[in-house]
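Heads up, the thing below is written out as structure tokens.
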Amino acid sequence: MSALEIARAVEVACVPVMDPACERGVRLAGLKATAEPEVARLVERLGDGTGELAAVIVDATARSTADAMAVCRTLRRCDPPFEPILVVIARDQLDDLALRDELFDDFVIAPLGPEEVAARLRHLLALRGTAPAAAVLEHGGLVVNLETYQAAIAGRVLDLTYMEYELLRFLAANPTRVFTRETLLSRVWGYEYYGGARTVDVHVRRLRAKLGEEHAHLIQTVRSVGYRFG
Amino acid sequence: MAPVSEQQAAYVLRTVEERRIRFVQLWFTDVLGRHKAFHVTPAELEDALDEGMTFDGSAIDGFSRVQEADVLAKPDLDTFQMLPWHGEGEGVARVFCDIVQVDGSPFEGCPRNRLRRVLDGAHDEGHTFFVAPELEYFYFDSLETDGPPKPVDRGSYFDLGTDDSVSRLRRDTVRMLEEMGIPVEHAQHEDAPGQHELDLRYTDALTMADNVMTVRHVVKELAFHAGIAASFMPKPLAGVQGSGMHTHLSLWRDDVNEFVDRDDPYGLSTLAHRFIAGLLVHAGEITAVTNQWVNSYKRLVPGHEAPVHVSWARNNRSALVRVPTVKASKPDSTRLEYRAPDPAANPYLCFAVLLAAGMAGVRGGYELPAESTGNLFDQGTSSDLELLPTSLKEACDLMERSALLHETLGEHLVEWFLRNKRAEWSAYKETVTPFELDRYLPLL
């Protein structure tokens, strides 16, 4: 499996919110969880090919079942239709699932147990042959272990802060793709940060410093556009 | 997205496990910018991350009065970083902390928190504040105080290889800082014997204040391991230049450098004009913070490359605010350089007051005075320009009367700071110095 394919199978988006138990479950399955309040943004991500989503969890307890099913429908209308979708519902919403079987792949009843979420995710991924066997990204001497959060270059372990790790992970998961600063800021930071778009430059400079002169070129500047890995 | 703190906590805890970290140092800073730390074991770390560590704040200068002693140190997880000078198998990491009240509300005496609030104020108006300091310091044989300190080499400005072991030490220091994610733009031998300079690459002011704390620590730590000593004292040797922390400032709105205007004769926007005017108008008031020790004022004297007059100029190294020339192809490098601070300042408070002074000019629409074109070093103190405070006492008097400083730093900090600094001044005044003995004892 190539680095890109493995990368595609590590992130699970939760719509519209992320329950802490759910997040622990995702992590237990060796995956990474992100919350996504807007399904439209998810569709955008899937559409531009930077999706790399292993699965989507739709939480029907956060809003109405109808709202949740609308989200599932939107995902299924993507080209190709997105799967797998795991729906979180309350026991009293069970009846609402009738006649909507094509909109989701499995469901789990809240309150959630992290172990159950993990087991269902593993099962869904195993059925599709996309289970994250070893969640490791490798490229040009760089190895990022997504399970242990450790990165190494040419066998030397890198001591990264959390945001440096996240930026490196994102770049290494999408080698040769060019990202603008704005895209990196919204995809890696995803929240307001003091530095604005310049934050990206500052972090890239820090990452290059840590990679060392020999490997600094792994992150290339694409003039007046942004950055490319590899 | 999951609360960032939860993902960060998972990252930190896993890294502690994977890297076999034995101790985590929780770093914070007292009001005077002195470096403080607790050491916690990995077993205690999870609690410390969730709840913070309670400690008796009255033991720390400027933190609490005795009746409200307990405060919490809350780790800022994005600053979690291995300390590379500890070997494999005995891993030590550090994380910077914010100090909060036991009920979770921000603590008035925490400098880091204070800077964050000032940055938030500017951020609410769409501005991001970037800083890049140049830290000067000396390497001495030792820090014994039984005579003037002895510089480890006799080199001077840009000298190459005057003393290989010292050059190697500086190089190792730069490499270690880079490994810790602190990019260094230049490192060089400075003008005075034993004096060196590290120019840090710009970043947001909060990260940079953390970086300054780290740099001071790493420089001293590595010097110690090399069997010598480093000092950031502003003026350790009479007759040669002191150590400054010239600080380059820029304001950004998203991707746009707000100081740039190519049509302006100086290449500066109206906002930049006002920012400079703000720095100049409030220069006297902020000096107690940018130059906070009795010794700081021995550096701010004519003839040793330090500013004395409240003035601005393009590419004139004698001015307080310098506008460096930028290459036509790189307008984004446009910035201002404020040349008064010394590296013994509290970087959090220093950057906070620089931003506050500049922003007061922007918000108040201050007019930029005329540029000072001559070499102010030659003018001694005879020019008609206003002077920077010439002593800690003068600086404290200006601070005490400054509405801007009270607003920027808050009553708690200003009150404590002034009390501490006035005590330092009294102690100094009561001291009979070698100068007096040399000069007067035989004569009078």
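The chains in the structure tokens are called A, B, ... from first to last as shown; in each chain the residues are counted from 1, and the ligands are counted from 1 in the order shown.
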Compute the chain B side of the contact with chain A at 8 Å, counting only C-alpha atoms, and hand it back as JSON, numbers by chain.
{"B": [1, 2, 8, 11, 12, 14, 15, 18, 77, 78, 79, 80, 81, 82, 119, 123, 128, 129, 130, 178, 179, 180, 181, 182, 183, 202, 203, 204, 253, 254, 255]}
Might you pull out every residue within 9 Å of Ala209 of chain B, with only C-alpha atoms counted and same-chain residues fewer than 4 positions away left off, and present them as a list of chain:residue names?
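After dropping sequence-adjacent residues, the list is B:Arg112, B:Leu115, B:Asp204, B:Ala205, B:Met213, B:Thr214, B:Asn346, B:Pro347, B:Tyr348, B:Leu349, B:Cys350, B:Phe351.
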So that I have them on file, write out the residues from the current selection with C-alpha atoms, as a PDB file, in the first residue's frame.
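File written: again.pdb
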```
ATOM      1  CA  ARG B 112       2.506  35.590  29.572  1.00  0.00           C
ATOM      2  CA  LEU B 115       0.997  39.700  26.638  1.00  0.00           C
ATOM      3  CA  ASP B 204       4.236  35.903  16.540  1.00  0.00           C
ATOM      4  CA  ALA B 205       5.034  37.817  19.727  1.00  0.00           C
ATOM      5  CA  MET B 213      13.163  32.609  27.530  1.00  0.00           C
ATOM      6  CA  THR B 214      14.351  29.408  25.866  1.00  0.00           C
ATOM      7  CA  ASN B 346      10.978  40.387  30.645  1.00  0.00           C
ATOM      8  CA  PRO B 347      10.223  39.541  26.982  1.00  0.00           C
ATOM      9  CA  TYR B 348       6.482  39.112  27.580  1.00  0.00           C
ATOM     10  CA  LEU B 349       6.075  42.557  29.108  1.00  0.00           C
ATOM     11  CA  CYS B 350       8.583  44.106  26.704  1.00  0.00           C
ATOM     12  CA  PHE B 351       6.672  42.970  23.597  1.00  0.00           C
TER      13      PHE B 351
END
```
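One distance worth recording is that between atom CA of Val92 of chain B and atom CA of Thr41 of chain B, which is 9.8 Å.
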Apply DSSP to the backbone of this structure and, from segment 55-116 of chain A, keep only the residues in alpha helix (DSSP H); write these as a ChimeraX atom specification.
/A:65-76,114-116
For a test of reading the model, state the distance in Å between atom CA of Pro434 of chain B and atom CA of His304 of chain B, rounded to one decimal.
21.7 Å
Polymer residues at most 9 Å from Val323 of chain B, only C-alpha atoms, same-chain spacing of 5 or more positions, as a list in words:
Tyr266, Trp312, Ala313, Arg314, Asn315, Asn316, Thr334, Arg335, Leu336 and Glu337 of chain B
Excluding segment 352-365 of chain B and any residue of its chain fewer than 2 positions from it, enumerate the residues within 7 Å of it, using only C-alpha atoms, and give them as a PyMOL selection string.
chain B and resi 115+118+271+274-279+282+286+348-350+367+408
Once you have the residues from the selection above, write them out as an mmCIF file, in the first residue's frame, restricted to C-alpha atoms.
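File written: result-v8.cif
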```
data_model
loop_
_atom_site.group_PDB
_atom_site.id
_atom_site.type_symbol
_atom_site.label_atom_id
_atom_site.label_comp_id
_atom_site.auth_asym_id
_atom_site.auth_seq_id
_atom_site.Cartn_x
_atom_site.Cartn_y
_atom_site.Cartn_z
ATOM 1 C CA LEU B 115 0.997 39.700 26.638
ATOM 2 C CA VAL B 118 -2.582 42.783 24.588
ATOM 3 C CA LEU B 271 -0.369 53.041 9.823
ATOM 4 C CA ARG B 274 1.426 56.359 13.362
ATOM 5 C CA PHE B 275 2.927 53.245 14.915
ATOM 6 C CA ILE B 276 6.370 54.890 14.956
ATOM 7 C CA ALA B 277 4.829 58.073 16.386
ATOM 8 C CA GLY B 278 3.216 55.959 19.135
ATOM 9 C CA LEU B 279 6.547 54.352 19.987
ATOM 10 C CA HIS B 282 5.391 56.703 24.763
ATOM 11 C CA ILE B 286 7.781 52.064 28.463
ATOM 12 C CA TYR B 348 6.482 39.112 27.580
ATOM 13 C CA LEU B 349 6.075 42.557 29.108
ATOM 14 C CA CYS B 350 8.583 44.106 26.704
ATOM 15 C CA GLU B 367 1.584 62.547 13.615
ATOM 16 C CA THR B 408 -1.611 47.713 29.324
#
```
Calculate how many Å separate atom CA of Ser105 of chain B from atom CA of Gln292 of chain B, rounding to one decimal.
28.1 Å
Those in segment 88-201 of chain A with strand (DSSP E or B) from DSSP, as a VMD selection string:
chain A and resid 88 to 90 106 to 110 136 to 139 142 to 145 150 to 153 156 to 158 178 to 180
Fewer than 2 positions away in the same chain doesn't count, so skip those; otherwise give me all residues within 9 Å of Trp425 of chain B, counting only C-alpha atoms, as a list in words.
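In the requested format, the answer is Trp293, Val294, Leu392, Lys393, Asn420, Lys421, Arg422, Ala423, Ala427, Tyr428, Lys429 and Glu430 of chain B.
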Near Arg216 of chain B, counting only C-alpha atoms, which residues have an atom at most 10 Å away, once you skip same-chain residues fewer than 3 positions from it, shown as a VMD selection string?
chain B and resid 35 135 137 211 to 213 219 to 221 230 to 232 343 to 344
For the selection just defined, write its residues with C-alpha atoms to a file, as a PDB file, in the first residue's frame.
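Resulting contents of selection_12.pdb:
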```pdb
ATOM      1  CA  HIS B  35      12.830  31.695  34.544  1.00  0.00           C
ATOM      2  CA  LEU B 135      19.970  39.105  21.499  1.00  0.00           C
ATOM      3  CA  TYR B 137      25.303  38.564  25.374  1.00  0.00           C
ATOM      4  CA  ASN B 211      11.626  31.676  22.486  1.00  0.00           C
ATOM      5  CA  VAL B 212      13.575  34.447  24.210  1.00  0.00           C
ATOM      6  CA  MET B 213      13.163  32.609  27.530  1.00  0.00           C
ATOM      7  CA  VAL B 219      22.829  29.837  25.855  1.00  0.00           C
ATOM      8  CA  LYS B 220      23.581  29.690  29.599  1.00  0.00           C
ATOM      9  CA  GLU B 221      23.144  25.930  29.820  1.00  0.00           C
ATOM     10  CA  ALA B 230      27.145  33.432  29.601  1.00  0.00           C
ATOM     11  CA  SER B 231      25.491  36.641  30.772  1.00  0.00           C
ATOM     12  CA  PHE B 232      22.711  38.804  29.351  1.00  0.00           C
ATOM     13  CA  PRO B 343      18.076  41.117  26.714  1.00  0.00           C
ATOM     14  CA  ALA B 344      17.574  41.191  30.494  1.00  0.00           C
TER      15      ALA B 344
END
```
Which polymer residues have any atom within 9 Å of an atom of Val102 of chain B, counting only C-alpha atoms, with same-chain residues fewer than 3 positions away left out, as a list in words?
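Answer for this query is Thr54, Asp70, Val71, Leu72 and Ser105 of chain B.
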Write out the residues from the selection above, keeping N, CA and C atoms, as a compact mmCIF listing (two decimals), in the first residue's frame.
```
# COMPACT_ATOMS: atom_id res chain seq x y z
N THR B 54 -1.06 23.26 41.36
CA THR B 54 -1.21 24.32 42.36
C THR B 54 0.15 24.61 43.00
N ASP B 70 -2.35 30.76 46.85
CA ASP B 70 -2.32 29.66 45.89
C ASP B 70 -2.74 30.06 44.48
N VAL B 71 -1.95 29.67 43.51
CA VAL B 71 -2.30 29.87 42.10
C VAL B 71 -2.02 28.56 41.36
N LEU B 72 -2.48 28.50 40.10
CA LEU B 72 -2.31 27.28 39.30
C LEU B 72 -1.42 27.56 38.10
N SER B 105 -9.81 31.62 36.70
CA SER B 105 -9.77 32.94 36.05
C SER B 105 -8.31 33.37 35.87
```
